[in-house]
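Notes for the one structure printed next.
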Amino acid sequence: MSPTGLLLVIAAAVGVAIVWSLVVIAGYRVLAPDSTTRGQHLVGGLLVTMLAFGVAAPAFEAAHLASVQRNLITGLFDDDGTSATVPDTAAVDPWGGKDRVNVLLLGGDGGEGREGVRPDTIIVASIDTQTGATTTFSLPRNLEELPFPEDSPLHEVYPDGFWAGSESESLLNAVYRNGPAEYPDILGPTDNPGADFMKLGVGEALGLPIDYYVLVNLDGFSQLIDALGGITVNVNYWVPIGGEPSLGHLPNDYIAPGPNQHMDGEMALHYARGRFGLSDYQRMDRQRCMINAIVEAADPMTLLARYQQIAATTQDIVTTDIPQSVVGDFADLALKVKEAGIRSVVFDDTVIRPAYPDYDLMRTIVQDALVTEPAPAPSSAPAPGGSTGGGTSAAEPRATALRRPPHPPRWTWPRTPAPTTRSRPSRRWPTVSPRRADDPRAHDPTR
């Protein structure tokens with residue numbers, strides 16, 4: 001509902017509350033006999049006041065919830081915002097006449113010791129606008145040579161893919177910050193040039209036009225999970241809490257393996273972030289599973305009971321270019337998504353080589369995934385282990401129905417990179433350090 005409509009709801013609810021209160025009070029005054037003593041009037045007045053409040057309370061609560069909803073819509077969504085990648089016709093036709101709407105989901109971390117925001121979580125959700133059937137595509141944060149559409153001004157300045165002077169500053173998660181820093185006005189007026197850089201580049205990489213983005217600040221993400229009452233996931237291996245290998249800092253603790261573990265916001269954030277001794281791809285799997293767990297936790301009763309806390313938290317940690325005028329359409333679509341379920345494709349190192357990605361292969365995988373028949377409805381039994389990184393008890397079978405193509409192409413990676421006309425410093429293949437004997441994951445038979 002639009003902010004104007006919600007304002008009318010608030011006014012109507014308050015009006016109904018006042019009218020009902022006046023009816024109760026007036027009824028008492030009319031029906032009270034003239035012989036009523038002063039003490040009886042005091043007792044009767046107290047009872048009538050309590051009754052009036054009781055009658056008016058639901059209307060006042062409806063007005064309060066409408067006010068919370070209005071504040072969320074006006075604070076989070078903006079019809080007056082400027083974007084280089086959202087067409088002006090979005091208010092008239094939110095899906096642009098397409099069968100699917102593609103939303104870029106970014107998990108940004110602007111925490112202590114970081115300059116600006118680097119989205120370490122990059123996921124595209126492709127949603128069927130008729131059925132709500134959703135396929136997510138998870139991209140590694142260290143993907144390189146991000147391409148841009150040929151008709152975009154970004155292709156003119158990055159004809160061979162994104163490059164910011166060094167390999168570490170040219171990864172996918174650096175595009176959000178480094179692209180606009182070098183070319184701040186190249187896309188024209190926009191409220192978030194970093195998001196527009198990412199939408200254009202990720203869309204070209206996957207062969208999917210990105211319609212909207214949603215950026216979640218991971219520093220406050222735990223508050224959203226707490227507002228939902230926590231999430232439940234399967235943990236399939238030891239997940240480190242804290243630790244930084246480059247600085248020699250060991251983890252503070254580990255999350256032990258086990259099914260159906262209920263986590264509060266702080267623990268869920270450790271589960272999603274932990275990477276000491278693990279790979280980015282394992283972390284991508286866990287983040288995907290956490291998204292599924294959040295979808296499962298967001299049932300109608302929970303949303304209703306905790307709506308005020310959820311709305312306040314969401315407004316603080318989420319940024320998006322979805323206009324106010326299409327919020328109602330997305331709300332209807334979200335109900336279909338929850339009913340239809342989510343499938344996932346993860347572009348890990350068994351599918352692509354992030355340093356030398358085959359974008360034609362990636363686009364083929366995306367198209368194959370979108371034409372694949374939906375997976376059968378999951379049973380109510382918990383997933384027995386699921387994919388690497390864990391999952392939710394009900395959503396995980398749906399999430400892992402298409403983790404990667406059923407028959408991925410086989411090929412052998414060259415020992416040396418293919419020739420390129422770009423003058424970049426030569427790069428060496430990464431090496432993998434062996435696990436220490438005291439690492440608890442070294443003895444995990446599932447690893």
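Letters A, B, ... mark the chains of the structure tokens in the order given; residue numbers begin at 1 per chain; ligand numbers begin at 1, in order shown.
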
Next item on the list: Pull the strand (DSSP E) assignments for range 79-325 of chain A out of DSSP run on the backbone, and list those residues as a PyMOL selection string.
Entry: chain A and resi 100-109+118-128+134-139+212-217+231-235+239-241+253-255+258-263+318-320

Check: Which one of A:Val371, A:Ala298, A:Leu172, A:Ile231 sits closest to Leu335 in chain A if you count only C-alpha atoms?
Finding: A:Ala298

Margin query: Among range 233-344 of chain A, which residues does DSSP mark as helix (DSSP H, G or I) when it is run on the backbone? Keep the chain and numbering as in the structure and answer as a PyMOL selection string.
Written below: chain A and resi 245-247+265-273+280-297+300-305+307-317+324-340

Checklist line | Counting only C-alpha atoms, the residue of A:Asp264, A:Glu296, A:Asp88, A:Asp196 that sits nearest Val175 in chain A | finding: A:Asp196

Notebook entry, point to check: Got a sec: who's within 10 Å of range 98-100 of chain A, counting only C-alpha atoms, leaving out chain neighbours fewer than 2 positions off, as a list of chain:residue names?
Noted result: A:Asp93, A:Pro94, A:Trp95, A:Gly96, A:Asn102, A:Val103, A:Ala125, A:Ser126, A:Ile127, A:Asp128, A:Thr129, A:Gln130, A:Thr131, A:Gly132, A:Ala133, A:Thr134, A:Leu208, A:Pro209, A:Asp211, A:Leu370

Okay, now the selection with N, CA and C atoms, as a CSV table (one decimal), in the first residue's frame?
```
chain,number,residue,atom,x,y,z
A,93,ASP,N,4.9,-0.2,-15.0
A,93,ASP,CA,5.1,-1.6,-15.2
A,93,ASP,C,6.3,-2.1,-14.4
A,94,PRO,N,6.2,-2.6,-13.2
A,94,PRO,CA,7.3,-2.9,-12.3
A,94,PRO,C,8.2,-4.0,-12.9
A,95,TRP,N,7.7,-4.9,-13.7
A,95,TRP,CA,8.5,-6.0,-14.2
A,95,TRP,C,8.9,-5.7,-15.7
A,96,GLY,N,8.6,-4.5,-16.2
A,96,GLY,CA,9.0,-4.2,-17.5
A,96,GLY,C,8.5,-5.1,-18.6
A,102,ASN,N,14.9,-9.7,-11.9
A,102,ASN,CA,16.2,-10.0,-11.4
A,102,ASN,C,16.7,-9.0,-10.4
A,103,VAL,N,16.9,-9.5,-9.2
A,103,VAL,CA,17.3,-8.6,-8.1
A,103,VAL,C,18.7,-8.9,-7.6
A,125,ALA,N,19.0,-13.0,-7.5
A,125,ALA,CA,17.8,-13.7,-7.4
A,125,ALA,C,16.9,-13.5,-8.6
A,126,SER,N,16.7,-14.5,-9.4
A,126,SER,CA,15.9,-14.4,-10.6
A,126,SER,C,14.5,-15.0,-10.3
A,127,ILE,N,13.5,-14.2,-10.3
A,127,ILE,CA,12.1,-14.6,-9.8
A,127,ILE,C,11.1,-14.6,-11.0
A,128,ASP,N,10.4,-15.7,-11.1
A,128,ASP,CA,9.3,-15.8,-12.1
A,128,ASP,C,8.2,-14.9,-11.6
A,129,THR,N,7.8,-13.9,-12.3
A,129,THR,CA,6.8,-13.0,-11.8
A,129,THR,C,5.4,-13.6,-11.8
A,130,GLN,N,5.2,-14.7,-12.4
A,130,GLN,CA,3.9,-15.4,-12.4
A,130,GLN,C,3.7,-16.4,-11.2
A,131,THR,N,4.8,-17.2,-11.0
A,131,THR,CA,4.7,-18.3,-10.0
A,131,THR,C,5.5,-18.0,-8.8
A,132,GLY,N,6.5,-17.1,-8.9
A,132,GLY,CA,7.3,-16.8,-7.7
A,132,GLY,C,8.5,-17.8,-7.7
A,133,ALA,N,8.6,-18.8,-8.6
A,133,ALA,CA,9.7,-19.7,-8.6
A,133,ALA,C,11.0,-18.9,-8.7
A,134,THR,N,12.0,-19.2,-7.8
A,134,THR,CA,13.2,-18.4,-7.8
A,134,THR,C,14.4,-19.2,-7.9
A,208,LEU,N,21.9,-11.7,-17.6
A,208,LEU,CA,20.6,-11.3,-17.0
A,208,LEU,C,20.6,-9.8,-16.8
A,209,PRO,N,19.6,-9.1,-17.3
A,209,PRO,CA,19.5,-7.7,-17.0
A,209,PRO,C,19.0,-7.5,-15.5
A,211,ASP,N,17.3,-5.7,-12.6
A,211,ASP,CA,16.3,-4.7,-12.5
A,211,ASP,C,16.5,-3.8,-11.2
A,370,LEU,N,17.6,-21.7,-15.7
A,370,LEU,CA,16.2,-21.1,-15.7
A,370,LEU,C,15.2,-21.8,-16.5
```

Margin query: as a PyMOL selection string, please: the residues near Ala334 in chain A (cut-off 10 Å, only C-alpha atoms, same-chain neighbours under 3 positions excluded).
Written below: chain A and resi 127+129+132+295+328-331+337-340

Next item on the list: Enter the distance from CA of Asn192 in chain A to CA of Thr136 in chain A, in Å, rounded to one decimal.
Entry: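 Taking CA of Asn192 in chain A and CA of Thr136 in chain A, their separation equals 23.2 Å.
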
Next item on the list: Go ahead and compute the interatomic distance for CA of Asp349 in chain A and CA of Glu156 in chain A, in Å to one decimal.
Entry: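 Going from CA of Asp349 in chain A over to CA of Glu156 in chain A, I get 29.4 Å.
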
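With CA of Phe197 in chain A on one side and CA of Tyr271 in chain A on the other, the separation reads 28.9 Å.
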
Note to self: Calculated over only C-alpha atoms, which of the candidates A:Val351, A:Leu105, A:Val157, A:Ala293 has the smallest distance to Val366 in chain A?
What the structure shows: A:Val351

Notebook entry, point to check: With only C-alpha atoms as the basis for distance, which of A:Pro240, A:Gly108, A:Gly97, A:Pro257 is at the shortest distance from Arg283 in chain A?
Noted result: A:Pro240

Margin query: At a cut-off of 12 Å, using only C-alpha atoms, what residues contact His155 in chain A? Leave out same-chain residues fewer than 3 positions from it and give the result as a list in words.
Written below: Glu145, Leu146, Pro147, Phe148, Pro149, Glu150, Asp151, Ser152, Tyr158, Pro159, Asp160, Gly161, Phe162, Trp163, Ile186, Leu187, Phe197, Leu200, Gly201 and Glu204 of chain A

Note to self: With distances taken over only C-alpha atoms, which residue among A:Ser246, A:Lys199, A:Ser170, A:Ala181 lies nearest Tyr212 in chain A?
What the structure shows: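 Among the listed residues, A:Lys199 lies closest to Tyr212 in chain A.
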
Note to self: What's around range 78-85 of chain A at 6 Å? Count only C-alpha atoms, leave out sequence neighbours fewer than 3 positions away in its own chain, and write the answer as a PyMOL selection string.
What the structure shows: chain A and resi 190-191+323-324

Could you dump the residues just selected with all heavy atoms as a PDB file, in the first residue's frame?
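Final file, part34.pdb:
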```pdb
ATOM      1  N   THR A 190      22.931   9.642 -10.206  1.00  0.00           N
ATOM      2  CA  THR A 190      22.514   8.424  -9.516  1.00  0.00           C
ATOM      3  C   THR A 190      22.793   8.569  -8.029  1.00  0.00           C
ATOM      4  O   THR A 190      23.778   9.199  -7.637  1.00  0.00           O
ATOM      5  CB  THR A 190      23.233   7.185 -10.074  1.00  0.00           C
ATOM      6  OG1 THR A 190      22.839   6.041  -9.303  1.00  0.00           O
ATOM      7  CG2 THR A 190      24.735   7.328 -10.035  1.00  0.00           C
ATOM      8  N   ASP A 191      21.924   7.987  -7.212  1.00  0.00           N
ATOM      9  CA  ASP A 191      22.113   8.053  -5.766  1.00  0.00           C
ATOM     10  C   ASP A 191      23.159   7.067  -5.282  1.00  0.00           C
ATOM     11  O   ASP A 191      23.747   7.253  -4.220  1.00  0.00           O
ATOM     12  CB  ASP A 191      20.785   7.761  -5.045  1.00  0.00           C
ATOM     13  CG  ASP A 191      19.736   8.839  -5.316  1.00  0.00           C
ATOM     14  OD1 ASP A 191      20.137   9.984  -5.616  1.00  0.00           O
ATOM     15  OD2 ASP A 191      18.530   8.531  -5.232  1.00  0.00           O
ATOM     16  N   PRO A 323      11.505   1.326  -6.174  1.00  0.00           N
ATOM     17  CA  PRO A 323      10.661   2.503  -5.920  1.00  0.00           C
ATOM     18  C   PRO A 323       9.470   2.158  -5.029  1.00  0.00           C
ATOM     19  O   PRO A 323       9.025   1.010  -4.946  1.00  0.00           O
ATOM     20  CB  PRO A 323      10.186   2.916  -7.326  1.00  0.00           C
ATOM     21  CG  PRO A 323      11.024   2.141  -8.288  1.00  0.00           C
ATOM     22  CD  PRO A 323      11.443   0.900  -7.585  1.00  0.00           C
ATOM     23  N   GLN A 324       8.951   3.183  -4.354  1.00  0.00           N
ATOM     24  CA  GLN A 324       7.758   3.004  -3.524  1.00  0.00           C
ATOM     25  C   GLN A 324       6.599   2.431  -4.326  1.00  0.00           C
ATOM     26  O   GLN A 324       5.823   1.606  -3.834  1.00  0.00           O
ATOM     27  CB  GLN A 324       7.327   4.342  -2.922  1.00  0.00           C
ATOM     28  CG  GLN A 324       8.142   4.818  -1.750  1.00  0.00           C
ATOM     29  CD  GLN A 324       7.593   6.111  -1.183  1.00  0.00           C
ATOM     30  OE1 GLN A 324       6.474   6.515  -1.499  1.00  0.00           O
ATOM     31  NE2 GLN A 324       8.377   6.772  -0.342  1.00  0.00           N
TER      32      GLN A 324
END
```

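In this comparison, which uses only C-alpha atoms, the residue of A:Tyr356, A:Tyr176, A:Phe347, A:Tyr254 approaching Arg275 in chain A most closely is A:Tyr254.
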